[in-house]
Amino acid sequence: MTTSPTRPPSEYSTLESVAVSTPDGVTFRVRVLPSARPDAPLVLILPAMAMKARHYLALAKAFHAQGLSVAVSDLRAQGESRPALREGKDFGYREMLEVDLPAIVAALRQRFPHAPLHL
């Protein structure tokens, strides 16, 4: 019997995360790279459609290296968000803009209360 080696966690998955839930039952795990300064500007990176947020880690790290706090979140039904595509109800840009984005921003405002937020 052969066993497959256990893969270590990715760097992205070890980042601090903020849990976000929407009223219609969607959950997000927003990954953050906080600045040492609580009032440092916060940049929220939203990926392109069908791209996973983890692909933006290099960009997030580059912003973070400049002293910014950075947050990266998958879009609805992508990456770490749940339910996965085709497991949940139909949705469109309206839900992403009117439901998801306000929930993500509210959670980030709670985590970074003194930081100006930039998308």
# chains A, B, ... in the order shown; residues from 1 in each chain; ligands from 1
>>> residues_around(residues="Arg82 of chain A", least_positions_apart="5", cutoff="10 Å", atoms="only C-alpha atoms", output="list in words")
Ser21, Gly25, Val26, Thr27, Phe28, Arg29, Asp74, Leu75, Arg76, Ala77, Glu87 and Gly88 of chain A
>>> write_last_selection(atoms="N, CA and C atoms", output="PDB file, in the first residue's frame")
ATOM      1  N   SER A  21     -20.020  36.302   6.255  1.00  0.00           N
ATOM      2  CA  SER A  21     -21.240  35.613   5.829  1.00  0.00           C
ATOM      3  C   SER A  21     -22.236  36.646   5.328  1.00  0.00           C
ATOM      4  N   GLY A  25     -26.620  33.339   2.871  1.00  0.00           N
ATOM      5  CA  GLY A  25     -25.930  32.097   3.168  1.00  0.00           C
ATOM      6  C   GLY A  25     -24.603  31.853   2.476  1.00  0.00           C
ATOM      7  N   VAL A  26     -24.036  32.862   1.842  1.00  0.00           N
ATOM      8  CA  VAL A  26     -22.721  32.715   1.223  1.00  0.00           C
ATOM      9  C   VAL A  26     -21.663  33.061   2.263  1.00  0.00           C
ATOM     10  N   THR A  27     -20.575  32.302   2.276  1.00  0.00           N
ATOM     11  CA  THR A  27     -19.484  32.594   3.200  1.00  0.00           C
ATOM     12  C   THR A  27     -18.197  32.837   2.427  1.00  0.00           C
ATOM     13  N   PHE A  28     -17.396  33.725   2.964  1.00  0.00           N
ATOM     14  CA  PHE A  28     -16.115  34.091   2.381  1.00  0.00           C
ATOM     15  C   PHE A  28     -15.048  33.992   3.455  1.00  0.00           C
ATOM     16  N   ARG A  29     -13.840  33.713   3.030  1.00  0.00           N
ATOM     17  CA  ARG A  29     -12.672  33.769   3.903  1.00  0.00           C
ATOM     18  C   ARG A  29     -11.770  34.831   3.278  1.00  0.00           C
ATOM     19  N   ASP A  74     -11.975  35.868  -2.509  1.00  0.00           N
ATOM     20  CA  ASP A  74     -12.560  35.248  -3.682  1.00  0.00           C
ATOM     21  C   ASP A  74     -13.931  35.859  -3.923  1.00  0.00           C
ATOM     22  N   LEU A  75     -14.382  35.784  -5.151  1.00  0.00           N
ATOM     23  CA  LEU A  75     -15.740  36.181  -5.484  1.00  0.00           C
ATOM     24  C   LEU A  75     -16.699  35.042  -5.123  1.00  0.00           C
ATOM     25  N   ARG A  76     -17.958  35.331  -5.112  1.00  0.00           N
ATOM     26  CA  ARG A  76     -18.997  34.336  -4.844  1.00  0.00           C
ATOM     27  C   ARG A  76     -18.810  33.119  -5.751  1.00  0.00           C
ATOM     28  N   ALA A  77     -18.880  31.936  -5.154  1.00  0.00           N
ATOM     29  CA  ALA A  77     -18.799  30.645  -5.854  1.00  0.00           C
ATOM     30  C   ALA A  77     -17.421  30.355  -6.448  1.00  0.00           C
ATOM     31  N   GLU A  87     -23.524  24.680  -6.664  1.00  0.00           N
ATOM     32  CA  GLU A  87     -24.078  24.111  -5.425  1.00  0.00           C
ATOM     33  C   GLU A  87     -25.082  25.070  -4.791  1.00  0.00           C
ATOM     34  N   GLY A  88     -24.977  26.334  -5.128  1.00  0.00           N
ATOM     35  CA  GLY A  88     -25.870  27.339  -4.565  1.00  0.00           C
ATOM     36  C   GLY A  88     -26.886  27.794  -5.590  1.00  0.00           C
TER      37      GLY A  88
END
>>> select_by_dssp(residues="chain A", states="strand (DSSP E or B)", output="PyMOL selection string")
chain A and resi 16-21+27-33+42-45+69-72+82+117-118
>>> atom_distance(atom1="atom CA of Ser69 of chain A", atom2="atom CA of Gly92 of chain A")
29.0 Å
>>> atom_distance(atom1="atom CA of Leu42 of chain A", atom2="atom CA of Leu117 of chain A")
4.8 Å
>>> closest_residue(among="A:Thr22, A:Ser81, A:Lys61, A:Pro34", to="Ala106 of chain A", atoms="only C-alpha atoms")
A:Thr22
>>> closest_residue(among="A:Glu95, A:Asp90, A:His118, A:His55", to="Ser10 of chain A", atoms="only C-alpha atoms")
A:His55
>>> residues_around(residues="His64 of chain A", least_positions_apart="2", cutoff="10 Å", atoms="only C-alpha atoms", output="VMD selection string")
chain A and resid 32 to 36 42 to 43 58 to 62 66 to 71
>>> select_by_dssp(residues="chain A", states="helix (DSSP H, G or I)", output="PyMOL selection string")
chain A and resi 12-14+53-65+93-111
>>> residues_around(residues="Glu11 of chain A", least_positions_apart="3", cutoff="9 Å", atoms="only C-alpha atoms", output="ChimeraX atom specification")
/A:14-15,57
>>> closest_residue(among="A:Pro38, A:Gln78, A:Leu119, A:Val105", to="Met51 of chain A", atoms="only C-alpha atoms")
A:Gln78
>>> residues_around(residues="Asp39 of chain A", least_positions_apart="5", cutoff="8 Å", atoms="only C-alpha atoms", output="ChimeraX atom specification")
/A:112,114-116
>>> write_last_selection(atoms="N, CA and C atoms", output="compact mmCIF listing (two decimals), in the first residue's frame")
# COMPACT_ATOMS: atom_id res chain seq x y z
N PHE A 112 -10.27 46.45 10.65
CA PHE A 112 -9.36 47.58 10.47
C PHE A 112 -10.13 48.90 10.66
N HIS A 114 -9.54 51.82 11.81
CA HIS A 114 -8.91 53.14 11.62
C HIS A 114 -8.25 53.28 10.25
N ALA A 115 -8.45 52.31 9.39
CA ALA A 115 -7.78 52.32 8.08
C ALA A 115 -8.70 52.81 6.98
N PRO A 116 -8.24 53.77 6.17
CA PRO A 116 -9.02 54.10 4.98
C PRO A 116 -8.97 52.92 4.02
>>> atom_distance(atom1="atom CA of Pro102 of chain A", atom2="atom CA of Leu46 of chain A")
13.0 Å
>>> closest_residue(among="A:Asp24, A:Pro8, A:Pro41, A:Ala50", to="Leu85 of chain A", atoms="only C-alpha atoms")
A:Ala50
>>> closest_residue(among="A:Ser73, A:Ala65, A:Pro113, A:Arg31", to="Lys52 of chain A", atoms="only C-alpha atoms")
A:Ser73
